[in-house]
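These notes are about the structure you will find just below.
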Amino acid sequence: MSKMVINIVFFLLFISCSNKNSNQGNVLNEPLVVNVKGLDPAAITDLYQNKVASNIYESLFQYHYLKRPYELIPALAEAMPVTSNNGLTHTIKIKKGIKFQDDVCFKDGLGRELKAKDFIYAWKRIANPKTKSQNYWLIEDKIKGLDQWRKDVIADQANFSKDVSGFEVVDDYTLKINLLIPYFQLYYVLEMVVMAPVPRECVDHYGEDFLNHPIGTGPFKIKKWVHNSKIILEKNQNFRDEFYPSSGATGDQDKGLLVDAGKKLPLLDGIIYHEIIESQPMWLKFLKGRLDISAIPKDSFDNSYDMITKQVKGKLKEVGGLAQVYVTPDTTFNKFNMEHEILGKNKKLRQAMSLARDREWIIKNLYNGRAVAAQSPIPPGMDGYDPTFKNPYSKYDLKKAKQLMAEAGYPNGEGLPEFTLDITSSSTGRQFAERFIQDVAAIGIKLKTRVGTWPEFMERVKKKKAEIFGYAWGADYPDAQNFYQLFYSKNSSPGPNGSNFKNAQFDKIYEQSLMLPPGNKRTKLYTQLREIVVEEAPWIFMTHRIGLAAYHPWLKNLKPDRIISGKNKYIRLDRPVEK
């Protein structure tokens, strides 16, 4: 999932706002490079859904906006959990007086108070196969009685009134989670938007259309949704008392990130998400002041920013634009469908294709130098990342690639059919695809492209209809397990293991790692997992990206980050007065 799965577009987009449209007032305008399909928390699977939904929904915990390393703090929870029974029982108090956003599904149209039962209902929806959630892996095999409840649903129908021993409502403001095994990522998972509480009466009221009527407790709520165009959010006037942090990381004070310390959130009156698929129109809107922050398109990058001096230039400088470079804990890659009759059965063929990929050319020409070559699925900064490790199949070596092609039984590609490369309908996606086609053509492999929208692309992956496809994964939480679960056989499509990789040894070691807290023993197991996926090559590891956000100076409190959700409630606008 990832804050979750990231489009082949490979752009890093963050918040934006309007300057010249004076009627926008204190409203943030932010671009999205995809058409958002729905905002049901149980069904959220990608960065873009998460970006929008994290303003509407809240979870038990959240990350401190400014502190680094990341620090989990209460959100809907009154405090951090009380743990007992050797870490198998977690008791959580929730805040009183929090209300869901007003909606016609409630009595008199007024949002009712949040109760402990709303969390458990939401979590059962994730477990319910009829919801078609791809996020069950987060709690599968971990909660007492939940897997059996799911089996009973498959055999009959969902009975939400039937108790699950792993989920207890102690009282209206206290819930208890009983685990089957230690789960050291549990609190990270409970921070994710997919685990947000959901009001049952609203799901019953809207039925299958609930994905278009998100109703949470967050700082913003849906005002209008013009599908394939824009999503308009307005301030939730009933939002709980939450205040801008009064402390942060070293240097935040000097950067002006504590000017609003103690102010009630959110600082905005609303947000407009503009669905702009192509990068150049998005960039032009930004330069005209209609968007406040934007990725810089690769064709405009060299004329807009100097990566050596870290200075803006050209038109970006002319409009007074600013930019921030930041670390992005993500990995881009090409996936093979391991159930494909040829690709999935021939390891040397996959290794040859990896050796044929010219990563340095791609980083220089398609990323403008804003990436480093990936040697494994784990990005820098994560437990299990080894800066000294070199993947023998991640270097550019056509001679070795051709040798492996022969050993695979397909010298110079003889006897191979033309494979299909699934891509999204954007100019950037096409450029990455063209380079992929050119790279593997050098060793005799032919690729044809199949173009579709982001939802169409995702649907083909879920249904195991894709053969080869580009993807990226950004960390949902700061733990390498979040990346290695992408290879776990139980998470195969429609789960997050879109490559449908199955390896008994990997599964065994992965399951052993789940039983260990952070430390040397777990890190050693992570290293063993790395060795397996490198050798089996279900992915072609490509890059770890370097983020850069360009923005206008009236956008305040920006601290770009890929893990923290719901950042817009901290943003303040200080627009120049039009004369």
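Letters for chains follow the order of the structure tokens (A, B, ...), residue numbers begin at 1 for each chain, and ligand numbers begin at 1 in the order shown.
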inquiry  = Run DSSP on the backbone and tell me which residues of segment 17-195 of chain A come out as alpha helix (DSSP H); list them as a PyMOL selection string.
reply    = chain A and resi 47-56+116-127+146-155+186-191
message = Would you pick out the contacts of Ile44 of chain A at 12 Å or less, using only C-alpha atoms, so that residues sharing its chain but fewer than 5 positions from it are not included, and give the list as a ChimeraX atom specification?
response = /A:1-5,36-39,49-54,57,126,131-136,192-196,211,214,455,458,495-496
Take the residues from that selection and write them out as a compact mmCIF listing (two decimals), in the first residue's frame, keeping N, CA, C and O atoms.
```
# COMPACT_ATOMS: atom_id res chain seq x y z
N MET A 1 0.86 -1.16 0.00
CA MET A 1 0.00 0.00 0.00
C MET A 1 0.87 1.18 0.00
O MET A 1 1.88 1.16 0.48
N SER A 2 0.82 2.05 0.00
CA SER A 2 1.73 2.98 0.46
C SER A 2 1.18 4.23 0.30
O SER A 2 0.70 4.52 -0.64
N LYS A 3 1.07 4.67 1.34
CA LYS A 3 0.90 6.01 1.51
C LYS A 3 1.30 6.42 0.16
O LYS A 3 2.18 6.74 -0.27
N MET A 4 0.81 5.28 -0.19
CA MET A 4 1.08 3.88 -0.17
C MET A 4 1.73 3.50 -1.47
O MET A 4 2.89 3.76 -1.61
N VAL A 5 1.25 2.78 -2.71
CA VAL A 5 1.82 2.44 -4.00
C VAL A 5 2.00 3.72 -4.79
O VAL A 5 1.15 4.57 -4.76
N VAL A 36 -8.27 10.29 -8.95
CA VAL A 36 -8.54 9.51 -7.74
C VAL A 36 -9.84 8.73 -7.91
O VAL A 36 -10.88 9.28 -8.27
N LYS A 37 -9.76 7.43 -7.64
CA LYS A 37 -10.91 6.55 -7.86
C LYS A 37 -11.88 6.56 -6.71
O LYS A 37 -13.09 6.50 -6.90
N GLY A 38 -11.40 6.61 -5.48
CA GLY A 38 -12.29 6.58 -4.33
C GLY A 38 -11.52 6.85 -3.05
O GLY A 38 -10.29 6.78 -3.01
N LEU A 39 -12.27 7.15 -1.96
CA LEU A 39 -11.64 7.54 -0.71
C LEU A 39 -12.16 6.74 0.48
O LEU A 39 -12.23 7.25 1.60
N GLN A 49 -4.58 8.68 -3.17
CA GLN A 49 -5.74 8.50 -2.31
C GLN A 49 -5.39 8.90 -0.88
O GLN A 49 -6.16 9.59 -0.21
N ASN A 50 -4.23 8.45 -0.43
CA ASN A 50 -3.80 8.74 0.93
C ASN A 50 -3.62 10.24 1.15
O ASN A 50 -3.95 10.77 2.21
N LYS A 51 -3.08 10.92 0.14
CA LYS A 51 -2.83 12.35 0.24
C LYS A 51 -4.12 13.12 0.54
O LYS A 51 -4.16 14.00 1.38
N VAL A 52 -5.20 12.74 -0.15
CA VAL A 52 -6.48 13.42 0.04
C VAL A 52 -7.16 12.94 1.32
O VAL A 52 -7.60 13.73 2.15
N ALA A 53 -7.25 11.62 1.48
CA ALA A 53 -8.00 11.04 2.59
C ALA A 53 -7.42 11.41 3.95
O ALA A 53 -8.17 11.51 4.94
N SER A 54 -6.11 11.64 4.03
CA SER A 54 -5.49 11.95 5.32
C SER A 54 -5.90 13.31 5.86
O SER A 54 -5.61 13.63 7.02
N TYR A 57 -9.84 11.87 7.21
CA TYR A 57 -9.85 10.83 8.23
C TYR A 57 -8.66 11.00 9.17
O TYR A 57 -7.63 11.56 8.80
N ILE A 126 -12.06 -4.06 6.83
CA ILE A 126 -10.83 -4.43 6.13
C ILE A 126 -10.74 -5.95 6.01
O ILE A 126 -10.31 -6.50 4.99
N THR A 131 -15.54 -6.27 1.04
CA THR A 131 -15.06 -4.89 0.92
C THR A 131 -13.96 -4.78 -0.13
O THR A 131 -13.68 -3.71 -0.65
N LYS A 132 -13.33 -5.92 -0.45
CA LYS A 132 -12.24 -5.99 -1.43
C LYS A 132 -11.07 -5.11 -1.05
O LYS A 132 -10.43 -4.48 -1.90
N SER A 133 -10.80 -5.06 0.24
CA SER A 133 -9.65 -4.29 0.71
C SER A 133 -8.36 -5.04 0.42
O SER A 133 -8.27 -6.25 0.61
N GLN A 134 -7.35 -4.30 -0.03
CA GLN A 134 -6.03 -4.88 -0.24
C GLN A 134 -5.13 -4.70 0.98
O GLN A 134 -3.93 -4.96 0.92
N ASN A 135 -5.73 -4.27 2.08
CA ASN A 135 -4.93 -3.94 3.26
C ASN A 135 -5.04 -4.95 4.38
O ASN A 135 -4.55 -4.70 5.48
N TYR A 136 -5.67 -6.09 4.11
CA TYR A 136 -5.83 -7.08 5.17
C TYR A 136 -4.48 -7.61 5.66
O TYR A 136 -4.35 -8.03 6.81
N MET A 192 -1.80 4.54 10.26
CA MET A 192 -2.14 4.65 8.84
C MET A 192 -3.61 5.01 8.64
O MET A 192 -4.48 4.61 9.41
N VAL A 193 -3.87 5.77 7.58
CA VAL A 193 -5.23 6.22 7.29
C VAL A 193 -6.17 5.04 7.05
O VAL A 193 -7.36 5.11 7.36
N VAL A 194 -5.64 3.94 6.53
CA VAL A 194 -6.50 2.78 6.27
C VAL A 194 -7.12 2.24 7.55
O VAL A 194 -8.15 1.55 7.50
N MET A 195 -6.54 2.55 8.71
CA MET A 195 -7.05 2.07 9.99
C MET A 195 -7.93 3.10 10.69
O MET A 195 -8.27 2.96 11.86
N ALA A 196 -8.33 4.14 9.98
CA ALA A 196 -9.17 5.19 10.55
C ALA A 196 -10.57 4.68 10.89
O ALA A 196 -11.09 3.80 10.20
N LEU A 211 -17.41 5.12 -1.16
CA LEU A 211 -16.07 5.55 -1.56
C LEU A 211 -16.06 6.98 -2.08
O LEU A 211 -15.01 7.64 -2.10
N PRO A 214 -16.56 10.25 1.68
CA PRO A 214 -15.75 10.01 2.87
C PRO A 214 -16.22 10.87 4.04
O PRO A 214 -16.46 12.07 3.89
N PRO A 455 -6.13 4.13 -12.45
CA PRO A 455 -7.02 3.07 -11.96
C PRO A 455 -7.01 1.82 -12.85
O PRO A 455 -7.07 0.70 -12.35
N MET A 458 -3.78 -0.07 -12.13
CA MET A 458 -3.86 -0.76 -10.85
C MET A 458 -4.76 -1.99 -10.95
O MET A 458 -4.46 -3.04 -10.35
N GLY A 495 -3.28 -8.33 -3.19
CA GLY A 495 -2.52 -7.70 -2.13
C GLY A 495 -1.33 -6.95 -2.67
O GLY A 495 -1.13 -6.84 -3.89
N PRO A 496 -0.48 -6.40 -1.78
CA PRO A 496 0.63 -5.54 -2.22
C PRO A 496 1.76 -6.26 -2.95
O PRO A 496 2.59 -5.61 -3.57
```
What's around Leu146 of chain A at 9 Å? Count only C-alpha atoms, leave out sequence neighbours fewer than 5 positions away in its own chain, and write the answer as a short mmCIF file (atom, residue, chain, number, x, y, z; two decimals) with N, CA, C and O atoms, in the first residue's frame.
```cif
data_model
loop_
_atom_site.label_atom_id
_atom_site.label_comp_id
_atom_site.auth_asym_id
_atom_site.auth_seq_id
_atom_site.Cartn_x
_atom_site.Cartn_y
_atom_site.Cartn_z
N LYS A 124 -12.98 -4.47 10.96
CA LYS A 124 -13.70 -5.64 10.43
C LYS A 124 -14.01 -5.45 8.94
O LYS A 124 -14.02 -6.42 8.18
N ALA A 127 -11.19 -6.66 7.05
CA ALA A 127 -11.14 -8.12 7.05
C ALA A 127 -12.24 -8.74 6.20
O ALA A 127 -12.12 -9.89 5.77
N ILE A 139 -3.14 -6.80 9.19
CA ILE A 139 -3.62 -7.41 10.44
C ILE A 139 -3.83 -8.91 10.31
O ILE A 139 -4.20 -9.57 11.29
N GLU A 140 -3.58 -9.47 9.15
CA GLU A 140 -3.77 -10.91 8.93
C GLU A 140 -2.81 -11.71 9.80
O GLU A 140 -1.64 -11.35 9.96
N ASP A 141 -3.31 -12.82 10.37
CA ASP A 141 -2.51 -13.74 11.19
C ASP A 141 -1.95 -13.08 12.45
O ASP A 141 -0.98 -13.58 13.04
N LYS A 151 -13.06 -16.05 7.66
CA LYS A 151 -13.47 -17.31 7.04
C LYS A 151 -14.98 -17.50 7.12
O LYS A 151 -15.61 -17.99 6.18
N VAL A 164 -15.12 -10.45 17.88
CA VAL A 164 -13.80 -10.97 17.56
C VAL A 164 -12.98 -10.84 18.84
O VAL A 164 -12.84 -9.74 19.38
N SER A 165 -12.45 -11.95 19.33
CA SER A 165 -11.78 -11.92 20.63
C SER A 165 -10.57 -10.98 20.66
O SER A 165 -10.17 -10.52 21.71
N GLY A 166 -10.02 -10.70 19.48
CA GLY A 166 -8.87 -9.79 19.41
C GLY A 166 -9.23 -8.33 19.49
O GLY A 166 -8.36 -7.48 19.67
N PHE A 167 -10.51 -8.01 19.32
CA PHE A 167 -10.98 -6.63 19.40
C PHE A 167 -12.01 -6.52 20.52
O PHE A 167 -13.10 -7.09 20.43
#
```
inquiry  = Applying 10 Å and only C-alpha atoms, which residues near Gly381 of chain A remain after dropping the ones on its own chain fewer than 2 positions away? List them as a PyMOL selection string.
reply    = chain A and resi 327-329+378-379+383-387+478-480
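For segment 416-430 of chain A, the residues within 7 Å (counting only C-alpha atoms, excluding itself and residues fewer than 2 positions away along the chain) are Ile8, Val9, Ile277, Glu278, Tyr410, Gly413, Glu414, Phe432, Ala433, Glu434, Lys446, Leu447, Lys448, Thr449, Arg450, Val451, Gly452, Thr453, Trp454, Phe457, Ala466, Glu467, Ile468, Phe469 and Gly470 of chain A.
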